[in-house]
Number of protein chains: 4
Amino acid sequence: MEKRFKGVFAPLTTPFINGQIAADKLRDNIEKFNRTGLAGYIIMGSTGEAPFVDDEEAELLVREATRAASPEKIVIAGTGRDSAEWTIKLTNRLAEAGAQAALIKPPYYYKSRMNYEALKAYYSEVADRVKIPVIMYNIPQNTQIWLPLELVIELAKHQNIIGLKESGGSLAYLSEVVSKVSADFHYFTGSASILYSALDMGACGAILALANVAPELCVKLYELFAAGKKEEAKELQYKLIPLNRALTETYGIAAVKYALDRRGYYGGPGRSPLLPLESKAQIEINNYLTELNLLK
Amino acid sequence: MEKRFKGVFAPLTTPFINGQIAADKLRDNIEKFNRTGLAGYIIMGSTGEAPFVDDEEAELLVREATRAASPEKIVIAGTGRDSAEWTIKLTNRLAEAGAQAALIKPPYYYKSRMNYEALKAYYSEVADRVKIPVIMYNIPQNTQIWLPLELVIELAKHQNIIGLKESGGSLAYLSEVVSKVSADFHYFTGSASILYSALDMGACGAILALANVAPELCVKLYELFAAGKKEEAKELQYKLIPLNRALTETYGIAAVKYALDRRGYYGGPGRSPLLPLESKAQIEINNYLTELNLLK
Amino acid sequence: MEKRFKGVFAPLTTPFINGQIAADKLRDNIEKFNRTGLAGYIIMGSTGEAPFVDDEEAELLVREATRAASPEKIVIAGTGRDSAEWTIKLTNRLAEAGAQAALIKPPYYYKSRMNYEALKAYYSEVADRVKIPVIMYNIPQNTQIWLPLELVIELAKHQNIIGLKESGGSLAYLSEVVSKVSADFHYFTGSASILYSALDMGACGAILALANVAPELCVKLYELFAAGKKEEAKELQYKLIPLNRALTETYGIAAVKYALDRRGYYGGPGRSPLLPLESKAQIEINNYLTELNLLK
Amino acid sequence: MEKRFKGVFAPLTTPFINGQIAADKLRDNIEKFNRTGLAGYIIMGSTGEAPFVDDEEAELLVREATRAASPEKIVIAGTGRDSAEWTIKLTNRLAEAGAQAALIKPPYYYKSRMNYEALKAYYSEVADRVKIPVIMYNIPQNTQIWLPLELVIELAKHQNIIGLKESGGSLAYLSEVVSKVSADFHYFTGSASILYSALDMGACGAILALANVAPELCVKLYELFAAGKKEEAKELQYKLIPLNRALTETYGIAAVKYALDRRGYYGGPGRSPLLPLESKAQIEINNYLTELNLLK
């Protein structure tokens, strides 16, 4: 069975001006991204400051993104709130607004209760009651929860759960999951630093913060791999790691937004409590962008 | 300067029927609690499944609670969302609905960015822009963030930040904070298991999950202490710990709700992803309630 | 039944010169400590850099300490290595050298295996096979292991396990343990910042890094409490917290050793990988010592 | 410059009978392993219960292993104790006993002090003063310390630090390290579940608990890769993961020893506090061994 989605997706940043959503900036960015080889966009991902954005704002973002995206680009929405009830409500609202699939992280506030059975019940109920396909989302650095491998394999059988985004960066986990789920399950890596090997071991695609800043290079790596040019893909892989680590581990969203500004997209400030990028970090990001020939 | 609030507060559970808020059950519970010596109620606290409840539902809860509470009972709302913008919006909405103060936990999704400066900027902005006084909320077991002691002391100078609820259970932290803030700062312990010593070292009150299930005993301990009957207060303290540990550490909200049902209040189910209390745990809770003479 | 040990103990630092043990400096320090009201000394505790010291060196330390200690001072040795076999061997060797009891932390390298049953088997076997009484040691900040409360209560029944040192600083845990063990069980707090309340809730004594630096003040607090002068004890408690936090949380052993030097004891350097105290921290420690009138 | 070591190494288990080292069983095992394609043996690794074994026993183990190993097999010793002084002493003792290189984990008891500078000073001093080459060892699951990438790159310049064993399983870290160190630096992965990709990205070899239990398959994967048969190597990779995860994550050393017994080597019991493998886990391990045709 054919996978519906593949390739490199960008989890878009959410543009703010004076703390409010700047929908025009989102459209502008998307129009530029439409000219790249990106497979689509995630709205309300972790890079999109999803927990900072309320439901009404989320609807606005998805509506605008859906309009701005060219027809071949997939629009996926992050819809995970902390309860099944709220997640279902938001998912269906964003489906109405145009989202083609929902990326759903586990509830994590009461993490001492989030055992296998609780997570299974949660994802099952959500998947049963939402109108669009569900992609599970493992992001332990933010949630302190690792979706158990056996749980992912079990939930992969649910007809409305079509995949997983894994941002913990574990290639062992990837390899075991892909070898145990059916061929139409979508495994997206969330780690640009292991993209080459993730594809090699069976990921169908990737959802990468780096794809905001360097969409052409992420797509190039994907295409080199798909064309069987593994050594070239690997060479590019090494080059992407330092920038990716700075963006995702060392500095976070403020660095992604700064780099977007430098590259001619709109980055702008994050919402409080995120602070602007300090000047020392700006210099470091600039150096990485320069090394990759990403600045004109 | 006199403290505005003191005594024992209950962070009320949120009643659900079929996954939806049962406002009548909330009113019934509050009418019963009105007859106890509780100083007031927290709506949308951690025990209230706050992250599971959206803003519209939160408004309903606060509105109903404000109406049902007898005039001398204080109503405080948990209003912390993940961004300053959202928290401010929700706080002011719940202030309109009747909340007299706001209990605000730190944003915690991007916890690697939540350094001293980010938390300081967050709480300062929120406190500047909301219409009711702010009580900071330290609950590291859920957020993985400890509000730095120096930060609490610094923010205590903000004229709209009136206190702290501390649920990490650290008596050392309590002792150092109360010795360094002005006399009108409200330090509430969130740990019923250290209530006696917390009062002894300078807490003005407590916000206790246990106060849902055993309000009369929590109030009694407080009153014994206030009356200088320290040995009696201490004896009661020892007796409360096993039930409190079961409710807050071992089993969580499902156990609080089960115990409420057993005591003649409405407990009911939690929202998914919280699972119902297993029968073995029910027996344990029953035993503790019996030992404390809390069942008729 | 009477407790064998009570009062304030100092976990002595281990003096080094050029990376080697300076036995004369240990003797000098102990001779000075003999003139204080300390109940005794721990050799090879966490403050004593126990994991840095091999078995032969440990024997030397205990032998020297036993000789230098005045007759009424108790000498306890930290003897926990990572396996039962090794811990038993070292315990009996240090018993021969003069140690009157053994303070034993849980093995912690394979911490994912250190469940209830493994820890129970470990402590039981050790207690069965050593010639001196065993004091369990909870120090989660270093071991990442909390000894389960039920385990401590169960092991307290072993005739050769006479107590617990608890350095996690939990007053709730203390209160529940002391209410459930027999009267001859020794509960020592390891947290000078909660000493007053720990005594109030039932600790029989304390083992305090701070007692190296400020033995007279730690002993004074203990004696004020024992004499029923609770308000005076409490006032002293508040004053000790900032220095204690700096010594134990913020800076560690290097700060304890620096403060010892300032006070006329021998502190000296720690062993590598511990680094010397930076000058900014030295100033902070000096200020705390001055505020407490501990410098001449 | 040519690397000195490459290929697959087994970190041997330490055989015990009645809690004492069974040197003859170690020799028997090594004689069997000599007939495989393993590149060599690690004595006193994490799989070898190193923290359970004292220095005298360690010397015995290395001496016996060196004698039993056939001439082409490399013998490396785990020599990391908690201080530089002790580690140096043990390293030189084990070098005398025949160890050709030392595998050294970071000190981890005082982990809040183990910052960049402390770790740098530690490894530098150790490497300066020991007589055999040093291989750093990253094993955060046991030490809670990640050796910072920049530190590894900096220490890689020390003439007596020749490599790193990385057991955290991060392919991103591997890729960035190998791209930034000189060609003669040895990067060993400690994760059999990512062996194929680790080799692909630049590891020169591996040190694998699984290589005790399935040396022929680990070596086969390595050789397939070296021969350019990447697809076959990858197929084998997928097959090894479930057994490896059971041995290293789910069950640990008790499972490795059980599997050794099943395969005709000597496994035997671990030292206390390690418990024997429960029967349910035995069945699971047996199934994995059967699936891989490792039982006769």
# chains A, B, ... in the order shown; residues from 1 in each chain; ligands from 1
$ closest_atom_pairs --of "chain B" --to "chain A" --cutoff "10 Å" --atoms "only C-alpha atoms" --output "tab-separated table"
residue	atom	partner	partner_atom	distance
B:Gly19	CA	A:Glu85	CA	7.0
B:Gln20	CA	A:Glu85	CA	8.4
B:Ser46	CA	A:Tyr110	CA	8.7
B:Glu49	CA	A:Ser83	CA	9.0
B:Ala50	CA	A:Asp82	CA	9.1
B:Pro51	CA	A:Asp82	CA	5.6
B:Phe52	CA	A:Ser83	CA	4.6
B:Val53	CA	A:Trp86	CA	7.0
B:Asp54	CA	A:Trp86	CA	6.8
B:Asp55	CA	A:Asp54	CA	8.9
B:Arg81	CA	A:Phe52	CA	7.5
B:Asp82	CA	A:Phe52	CA	5.3
B:Ser83	CA	A:Phe52	CA	4.6
B:Ala84	CA	A:Ser272	CA	5.4
B:Glu85	CA	A:Gly19	CA	7.0
B:Trp86	CA	A:Phe52	CA	6.6
B:Thr87	CA	A:Phe52	CA	9.0
B:Lys89	CA	A:Asp54	CA	9.9
B:Pro106	CA	A:Pro273	CA	9.1
B:Pro107	CA	A:Pro273	CA	7.4
B:Tyr108	CA	A:Asn142	CA	8.1
B:Tyr109	CA	A:Asn142	CA	5.4
B:Tyr110	CA	A:Asn142	CA	6.0
B:Lys111	CA	A:Asn142	CA	6.8
B:Ser112	CA	A:Asn142	CA	8.2
B:Arg113	CA	A:Leu274	CA	7.1
B:Met114	CA	A:Pro273	CA	7.5
B:Asn115	CA	A:Pro273	CA	9.7
B:Glu117	CA	A:Leu275	CA	8.2
B:Ala118	CA	A:Pro273	CA	5.4
B:Leu119	CA	A:Pro273	CA	6.6
B:Lys120	CA	A:Pro273	CA	8.7
B:Ala121	CA	A:Pro273	CA	6.8
B:Tyr122	CA	A:Pro273	CA	5.1
B:Tyr123	CA	A:Pro273	CA	8.7
B:Glu125	CA	A:Ser272	CA	8.5
B:Val126	CA	A:Ser272	CA	9.6
B:Gln141	CA	A:Ser112	CA	8.5
B:Asn142	CA	A:Tyr109	CA	5.4
B:Thr143	CA	A:Tyr109	CA	6.9
B:Gln144	CA	A:Gln144	CA	8.9
B:Glu249	CA	A:Ser112	CA	8.7
B:Thr250	CA	A:Ser112	CA	9.1
B:Tyr251	CA	A:Arg113	CA	8.1
B:Gly252	CA	A:Arg113	CA	7.8
B:Ile253	CA	A:Tyr110	CA	9.4
B:Ala254	CA	A:Arg113	CA	9.9
B:Gly270	CA	A:Ser83	CA	9.9
B:Arg271	CA	A:Ser83	CA	6.6
B:Ser272	CA	A:Ala84	CA	5.4
B:Pro273	CA	A:Tyr122	CA	5.1
B:Leu274	CA	A:Ala118	CA	6.4
B:Leu275	CA	A:Ala118	CA	6.2
B:Pro276	CA	A:Ala118	CA	9.9
$ write_last_selection --atoms "C-alpha atoms" --output "compact mmCIF listing (two decimals), in the first residue's frame"
# COMPACT_ATOMS: atom_id res chain seq x y z
CA GLY B 19 -16.54 14.00 29.56
CA GLN B 20 -18.46 17.28 29.89
CA SER B 46 -3.64 21.02 39.16
CA GLU B 49 -7.43 19.14 35.72
CA ALA B 50 -6.71 22.66 34.50
CA PRO B 51 -4.75 21.62 31.42
CA PHE B 52 -7.74 19.52 30.31
CA VAL B 53 -10.20 22.40 30.37
CA ASP B 54 -10.42 25.04 27.67
CA ASP B 55 -10.92 28.76 28.26
CA ARG B 81 -1.27 28.87 30.09
CA ASP B 82 2.03 28.53 28.27
CA SER B 83 2.56 32.07 26.96
CA ALA B 84 2.27 35.44 28.62
CA GLU B 85 -0.24 36.50 26.00
CA TRP B 86 -2.58 33.58 26.58
CA THR B 87 -2.18 33.65 30.36
CA LYS B 89 -6.08 36.82 28.27
CA PRO B 106 5.46 28.73 34.91
CA PRO B 107 5.34 27.87 31.22
CA TYR B 108 7.04 24.51 30.91
CA TYR B 109 6.91 23.11 27.39
CA TYR B 110 10.15 24.73 26.27
CA LYS B 111 11.74 24.03 29.60
CA SER B 112 15.33 24.20 28.37
CA ARG B 113 14.67 27.91 27.69
CA MET B 114 12.99 28.66 31.01
CA ASN B 115 15.99 30.27 32.66
CA GLU B 117 15.55 35.84 32.85
CA ALA B 118 12.78 34.21 30.86
CA LEU B 119 10.75 33.40 33.97
CA LYS B 120 11.32 36.86 35.37
CA ALA B 121 10.16 38.53 32.16
CA TYR B 122 7.16 36.25 32.00
CA TYR B 123 5.87 36.81 35.49
CA GLU B 125 4.68 41.02 32.13
CA VAL B 126 1.78 38.94 33.31
CA GLN B 141 6.72 17.31 39.75
CA ASN B 142 4.50 18.41 36.84
CA THR B 143 6.55 21.16 35.22
CA GLN B 144 10.13 20.00 35.86
CA GLU B 249 1.87 10.85 44.94
CA THR B 250 0.79 7.28 44.56
CA TYR B 251 -2.56 7.65 42.78
CA GLY B 252 -3.38 11.26 41.92
CA ILE B 253 -6.62 12.88 40.85
CA ALA B 254 -8.50 9.61 40.27
CA GLY B 270 -11.45 12.37 35.33
CA ARG B 271 -11.13 13.34 31.72
CA SER B 272 -9.10 11.12 29.42
CA PRO B 273 -6.12 10.52 29.53
CA LEU B 274 -6.71 10.02 33.26
CA LEU B 275 -7.84 6.48 33.99
CA PRO B 276 -10.27 5.44 36.77
$ residues_around --residues "stretch 153-164 of chain D" --least-positions-apart "6" --cutoff "8 Å" --atoms "only C-alpha atoms" --output "list of chain:residue names"
D:Lys120, D:Tyr123, D:Ser124, D:Ala127, D:Asp128, D:Ile132, D:Pro133, D:Val134, D:Ile135, D:Met136, D:Tyr137, D:Asn138, D:Val177, D:Lys180, D:Val181, D:Ser182, D:Asp184, D:Phe185, D:His186, D:Tyr187, D:Phe188
$ select_by_dssp --residues "stretch 20-216 of chain B" --states "strand (DSSP E)" --output "PyMOL selection string"
chain B and resi 20-21+40-43+74-78+101-104+134-138+161-166+186-189+205-207
$ write_last_selection --atoms "N, CA and C atoms" --output "mmCIF file, in the first residue's frame"
data_model
loop_
_atom_site.group_PDB
_atom_site.id
_atom_site.type_symbol
_atom_site.label_atom_id
_atom_site.label_comp_id
_atom_site.auth_asym_id
_atom_site.auth_seq_id
_atom_site.Cartn_x
_atom_site.Cartn_y
_atom_site.Cartn_z
ATOM 1 N N GLN B 20 -18.084 15.858 29.920
ATOM 2 C CA GLN B 20 -18.458 17.275 29.891
ATOM 3 C C GLN B 20 -18.593 17.815 31.313
ATOM 4 N N ILE B 21 -18.343 19.099 31.451
ATOM 5 C CA ILE B 21 -18.413 19.717 32.776
ATOM 6 C C ILE B 21 -19.827 19.645 33.335
ATOM 7 N N GLY B 40 -11.235 29.155 51.284
ATOM 8 C CA GLY B 40 -11.657 29.422 49.920
ATOM 9 C C GLY B 40 -11.341 28.267 48.984
ATOM 10 N N TYR B 41 -11.514 28.551 47.702
ATOM 11 C CA TYR B 41 -11.425 27.513 46.685
ATOM 12 C C TYR B 41 -10.510 27.952 45.548
ATOM 13 N N ILE B 42 -9.759 26.991 45.049
ATOM 14 C CA ILE B 42 -9.034 27.230 43.804
ATOM 15 C C ILE B 42 -9.780 26.493 42.692
ATOM 16 N N ILE B 43 -10.119 27.222 41.664
ATOM 17 C CA ILE B 43 -10.726 26.629 40.465
ATOM 18 C C ILE B 43 -9.612 26.545 39.429
ATOM 19 N N ILE B 74 -12.954 32.828 49.617
ATOM 20 C CA ILE B 74 -12.177 33.410 48.521
ATOM 21 C C ILE B 74 -12.193 32.455 47.326
ATOM 22 N N VAL B 75 -12.342 32.979 46.121
ATOM 23 C CA VAL B 75 -12.236 32.154 44.913
ATOM 24 C C VAL B 75 -11.014 32.593 44.104
ATOM 25 N N ILE B 76 -10.099 31.674 43.951
ATOM 26 C CA ILE B 76 -8.865 31.918 43.198
ATOM 27 C C ILE B 76 -8.882 31.008 41.975
ATOM 28 N N ALA B 77 -8.400 31.529 40.850
ATOM 29 C CA ALA B 77 -8.388 30.705 39.636
ATOM 30 C C ALA B 77 -6.966 30.393 39.204
ATOM 31 N N GLY B 78 -6.732 29.149 38.818
ATOM 32 C CA GLY B 78 -5.497 28.810 38.125
ATOM 33 C C GLY B 78 -5.616 29.320 36.699
ATOM 34 N N ALA B 101 -8.072 36.224 42.692
ATOM 35 C CA ALA B 101 -6.623 36.193 42.491
ATOM 36 C C ALA B 101 -6.334 35.088 41.476
ATOM 37 N N ALA B 102 -5.104 35.123 40.932
ATOM 38 C CA ALA B 102 -4.722 34.153 39.907
ATOM 39 C C ALA B 102 -3.506 33.355 40.371
ATOM 40 N N LEU B 103 -3.627 32.059 40.284
ATOM 41 C CA LEU B 103 -2.522 31.150 40.621
ATOM 42 C C LEU B 103 -1.870 30.745 39.306
ATOM 43 N N ILE B 104 -0.573 31.053 39.148
ATOM 44 C CA ILE B 104 0.043 30.939 37.821
ATOM 45 C C ILE B 104 1.328 30.123 37.855
ATOM 46 N N VAL B 134 -1.495 38.249 41.551
ATOM 47 C CA VAL B 134 -0.877 37.017 41.059
ATOM 48 C C VAL B 134 -0.219 36.247 42.213
ATOM 49 N N ILE B 135 -0.479 34.952 42.241
ATOM 50 C CA ILE B 135 0.239 34.039 43.134
ATOM 51 C C ILE B 135 1.056 33.102 42.258
ATOM 52 N N MET B 136 2.360 33.121 42.424
ATOM 53 C CA MET B 136 3.217 32.218 41.642
ATOM 54 C C MET B 136 2.999 30.781 42.115
ATOM 55 N N TYR B 137 3.397 29.835 41.287
ATOM 56 C CA TYR B 137 3.048 28.438 41.586
ATOM 57 C C TYR B 137 4.235 27.551 41.214
ATOM 58 N N ASN B 138 4.829 26.972 42.241
ATOM 59 C CA ASN B 138 5.959 26.068 42.016
ATOM 60 C C ASN B 138 5.478 24.630 42.138
ATOM 61 N N ILE B 161 2.268 40.954 42.559
ATOM 62 C CA ILE B 161 2.581 39.557 42.871
ATOM 63 C C ILE B 161 2.533 39.415 44.383
ATOM 64 N N ILE B 162 1.525 38.710 44.857
ATOM 65 C CA ILE B 162 1.272 38.730 46.301
ATOM 66 C C ILE B 162 1.681 37.450 47.010
ATOM 67 N N GLY B 163 2.098 36.437 46.249
ATOM 68 C CA GLY B 163 2.435 35.228 46.979
ATOM 69 C C GLY B 163 2.931 34.103 46.106
ATOM 70 N N LEU B 164 3.093 32.971 46.740
ATOM 71 C CA LEU B 164 3.608 31.758 46.108
ATOM 72 C C LEU B 164 2.884 30.563 46.697
ATOM 73 N N LYS B 165 2.476 29.652 45.811
ATOM 74 C CA LYS B 165 2.112 28.317 46.265
ATOM 75 C C LYS B 165 3.265 27.395 45.927
ATOM 76 N N GLU B 166 3.749 26.650 46.908
ATOM 77 C CA GLU B 166 4.924 25.806 46.702
ATOM 78 C C GLU B 166 4.522 24.350 46.918
ATOM 79 N N HIS B 186 2.358 36.266 50.651
ATOM 80 C CA HIS B 186 1.626 35.052 51.031
ATOM 81 C C HIS B 186 2.385 33.803 50.586
ATOM 82 N N TYR B 187 2.813 33.036 51.529
ATOM 83 C CA TYR B 187 3.452 31.756 51.195
ATOM 84 C C TYR B 187 2.477 30.649 51.559
ATOM 85 N N PHE B 188 1.972 29.959 50.538
ATOM 86 C CA PHE B 188 1.090 28.820 50.748
ATOM 87 C C PHE B 188 1.861 27.536 50.479
ATOM 88 N N THR B 189 1.812 26.622 51.404
ATOM 89 C CA THR B 189 2.360 25.317 51.072
ATOM 90 C C THR B 189 1.304 24.526 50.314
ATOM 91 N N GLY B 205 -0.694 29.936 54.990
ATOM 92 C CA GLY B 205 -1.819 29.087 54.660
ATOM 93 C C GLY B 205 -1.387 27.952 53.760
ATOM 94 N N ALA B 206 -2.378 27.272 53.209
ATOM 95 C CA ALA B 206 -2.090 26.075 52.434
ATOM 96 C C ALA B 206 -3.169 25.874 51.379
ATOM 97 N N ILE B 207 -2.756 25.299 50.284
ATOM 98 C CA ILE B 207 -3.680 24.924 49.204
ATOM 99 C C ILE B 207 -3.457 23.441 48.986
#
$ select_by_dssp --residues "stretch 21-249 of chain C" --states "alpha helix (DSSP H)" --output "ChimeraX atom specification"
/C:23-33,55-68,84-96,116-129,140-143,149-155,171-180,195-201,210-213,215-226,230-245
$ atom_distance --atom1 "atom CA of C:Ala209" --atom2 "atom CA of C:Arg263"
14.5 Å
$ residues_around --residues "D:Lys32" --least-positions-apart "4" --cutoff "12 Å" --atoms "only C-alpha atoms" --output "ChimeraX atom specification"
/D:25-28,36-38,68-70,212-213,215-216,260,263-266
$ write_last_selection --atoms "N, CA and C atoms" --output "compact mmCIF listing (two decimals), in the first residue's frame"
# COMPACT_ATOMS: atom_id res chain seq x y z
N LYS D 25 36.38 -19.93 34.69
CA LYS D 25 35.25 -19.72 33.79
C LYS D 25 35.54 -18.58 32.82
N LEU D 26 36.24 -17.58 33.29
CA LEU D 26 36.64 -16.49 32.39
C LEU D 26 37.55 -17.03 31.30
N ARG D 27 38.52 -17.83 31.70
CA ARG D 27 39.43 -18.41 30.68
C ARG D 27 38.67 -19.26 29.68
N ASP D 28 37.75 -20.09 30.20
CA ASP D 28 36.96 -20.95 29.29
C ASP D 28 36.20 -20.11 28.27
N THR D 36 36.14 -16.82 17.48
CA THR D 36 35.26 -15.94 16.71
C THR D 36 36.08 -14.84 16.07
N GLY D 37 35.41 -14.03 15.30
CA GLY D 37 36.10 -12.90 14.66
C GLY D 37 36.16 -11.65 15.50
N LEU D 38 35.89 -11.77 16.80
CA LEU D 38 35.97 -10.58 17.65
C LEU D 38 37.37 -9.98 17.61
N ALA D 68 44.68 -15.72 28.51
CA ALA D 68 43.77 -16.59 27.74
C ALA D 68 43.53 -16.10 26.33
N ALA D 69 43.66 -14.82 26.14
CA ALA D 69 43.37 -14.26 24.82
C ALA D 69 44.41 -14.70 23.81
N SER D 70 43.96 -15.04 22.63
CA SER D 70 44.94 -15.38 21.59
C SER D 70 45.65 -14.09 21.16
N ASN D 212 28.82 -10.52 23.46
CA ASN D 212 28.99 -11.68 24.33
C ASN D 212 28.10 -12.83 23.85
N VAL D 213 26.88 -12.47 23.53
CA VAL D 213 25.83 -13.45 23.30
C VAL D 213 25.79 -13.90 21.85
N PRO D 215 28.40 -13.17 19.23
CA PRO D 215 29.60 -12.60 18.60
C PRO D 215 29.63 -12.84 17.09
N GLU D 216 29.20 -14.03 16.66
CA GLU D 216 29.29 -14.33 15.23
C GLU D 216 28.42 -13.41 14.39
N LEU D 260 24.24 -16.23 27.88
CA LEU D 260 25.54 -16.91 27.76
C LEU D 260 25.41 -18.37 28.18
N ARG D 263 23.86 -20.41 25.60
CA ARG D 263 24.66 -20.60 24.39
C ARG D 263 25.91 -21.43 24.63
N GLY D 264 26.10 -21.92 25.84
CA GLY D 264 27.24 -22.79 26.08
C GLY D 264 28.47 -22.11 26.64
N TYR D 265 28.36 -20.83 26.88
CA TYR D 265 29.39 -20.13 27.63
C TYR D 265 29.02 -20.21 29.11
N TYR D 266 29.92 -19.69 29.99
CA TYR D 266 29.52 -19.57 31.38
C TYR D 266 28.96 -18.17 31.62
$ atom_distance --atom1 "atom CA of B:Ile139" --atom2 "atom CA of B:Gly168"
5.7 Å
$ closest_residue --among "D:Leu60, D:Ala233, D:Leu243, D:Leu289" --to "D:Val219" --atoms "only C-alpha atoms"
D:Ala233
$ residues_around --residues "B:Val62" --least-positions-apart "2" --cutoff "7 Å" --atoms "only C-alpha atoms" --output "tab-separated table (two decimals) with N, CA and C atoms, in the first residue's frame"
chain	number	residue	atom	x	y	z
B	43	ILE	N	-10.12	27.22	41.66
B	43	ILE	CA	-10.73	26.63	40.46
B	43	ILE	C	-9.61	26.54	39.43
B	58	ALA	N	-13.37	27.04	31.42
B	58	ALA	CA	-12.78	27.65	32.62
B	58	ALA	C	-13.65	28.81	33.10
B	59	GLU	N	-14.11	29.60	32.17
B	59	GLU	CA	-14.97	30.73	32.53
B	59	GLU	C	-16.24	30.22	33.22
B	60	LEU	N	-16.83	29.19	32.64
B	60	LEU	CA	-18.03	28.60	33.25
B	60	LEU	C	-17.74	28.15	34.68
B	64	GLU	N	-19.57	29.76	37.98
B	64	GLU	CA	-20.42	28.94	38.85
B	64	GLU	C	-19.86	28.90	40.27
B	65	ALA	N	-18.56	28.80	40.37
B	65	ALA	CA	-17.95	28.71	41.70
B	65	ALA	C	-18.17	30.01	42.47
B	66	THR	N	-18.02	31.11	41.78
B	66	THR	CA	-18.19	32.42	42.43
B	66	THR	C	-19.61	32.57	42.96
B	94	LEU	N	-11.08	35.36	33.51
B	94	LEU	CA	-11.54	34.72	34.75
B	94	LEU	C	-11.71	35.74	35.87
B	97	ALA	N	-15.04	36.91	35.45
B	97	ALA	CA	-15.99	35.88	35.90
B	97	ALA	C	-16.04	35.77	37.42
B	98	GLY	N	-15.17	36.50	38.10
B	98	GLY	CA	-15.27	36.50	39.56
B	98	GLY	C	-14.05	36.11	40.35
B	99	ALA	N	-12.99	35.65	39.67
B	99	ALA	CA	-11.81	35.21	40.42
B	99	ALA	C	-11.16	36.39	41.14
$ closest_residue --among "C:Ala22, C:Leu171, C:Pro11, C:Glu72" --to "C:Thr47" --atoms "only C-alpha atoms"
C:Pro11
$ atom_distance --atom1 "atom CA of A:Asn29" --atom2 "atom CA of A:Gln282"
21.0 Å
$ closest_residue --among "B:Glu56, B:Ala183, B:Ala214, B:Tyr222" --to "B:Leu199" --atoms "only C-alpha atoms"
B:Tyr222
$ decode --residues "stretch 148-157 of chain C" --atoms "N, CA and C atoms" --output "PDB file, in the first residue's frame"
ATOM      1  N   PRO C 148      12.735   3.693  48.923  1.00  0.00           N
ATOM      2  CA  PRO C 148      11.284   3.746  49.135  1.00  0.00           C
ATOM      3  C   PRO C 148      10.963   3.709  50.629  1.00  0.00           C
ATOM      4  N   LEU C 149      10.012   4.507  51.006  1.00  0.00           N
ATOM      5  CA  LEU C 149       9.605   4.610  52.398  1.00  0.00           C
ATOM      6  C   LEU C 149       9.240   3.245  52.987  1.00  0.00           C
ATOM      7  N   GLU C 150       8.517   2.452  52.221  1.00  0.00           N
ATOM      8  CA  GLU C 150       8.113   1.138  52.722  1.00  0.00           C
ATOM      9  C   GLU C 150       9.331   0.240  52.922  1.00  0.00           C
ATOM     10  N   LEU C 151      10.337   0.409  52.077  1.00  0.00           N
ATOM     11  CA  LEU C 151      11.559  -0.376  52.213  1.00  0.00           C
ATOM     12  C   LEU C 151      12.285  -0.012  53.502  1.00  0.00           C
ATOM     13  N   VAL C 152      12.388   1.255  53.783  1.00  0.00           N
ATOM     14  CA  VAL C 152      13.060   1.691  55.008  1.00  0.00           C
ATOM     15  C   VAL C 152      12.328   1.132  56.221  1.00  0.00           C
ATOM     16  N   ILE C 153      11.011   1.191  56.172  1.00  0.00           N
ATOM     17  CA  ILE C 153      10.222   0.683  57.303  1.00  0.00           C
ATOM     18  C   ILE C 153      10.422  -0.824  57.461  1.00  0.00           C
ATOM     19  N   GLU C 154      10.477  -1.524  56.342  1.00  0.00           N
ATOM     20  CA  GLU C 154      10.679  -2.973  56.409  1.00  0.00           C
ATOM     21  C   GLU C 154      12.081  -3.314  56.911  1.00  0.00           C
ATOM     22  N   LEU C 155      13.084  -2.630  56.380  1.00  0.00           N
ATOM     23  CA  LEU C 155      14.467  -2.926  56.772  1.00  0.00           C
ATOM     24  C   LEU C 155      14.756  -2.482  58.206  1.00  0.00           C
ATOM     25  N   ALA C 156      13.970  -1.544  58.703  1.00  0.00           N
ATOM     26  CA  ALA C 156      14.174  -1.080  60.082  1.00  0.00           C
ATOM     27  C   ALA C 156      13.965  -2.207  61.080  1.00  0.00           C
ATOM     28  N   LYS C 157      13.301  -3.274  60.634  1.00  0.00           N
ATOM     29  CA  LYS C 157      13.082  -4.417  61.532  1.00  0.00           C
ATOM     30  C   LYS C 157      14.310  -5.332  61.632  1.00  0.00           C
TER      31      LYS C 157
END
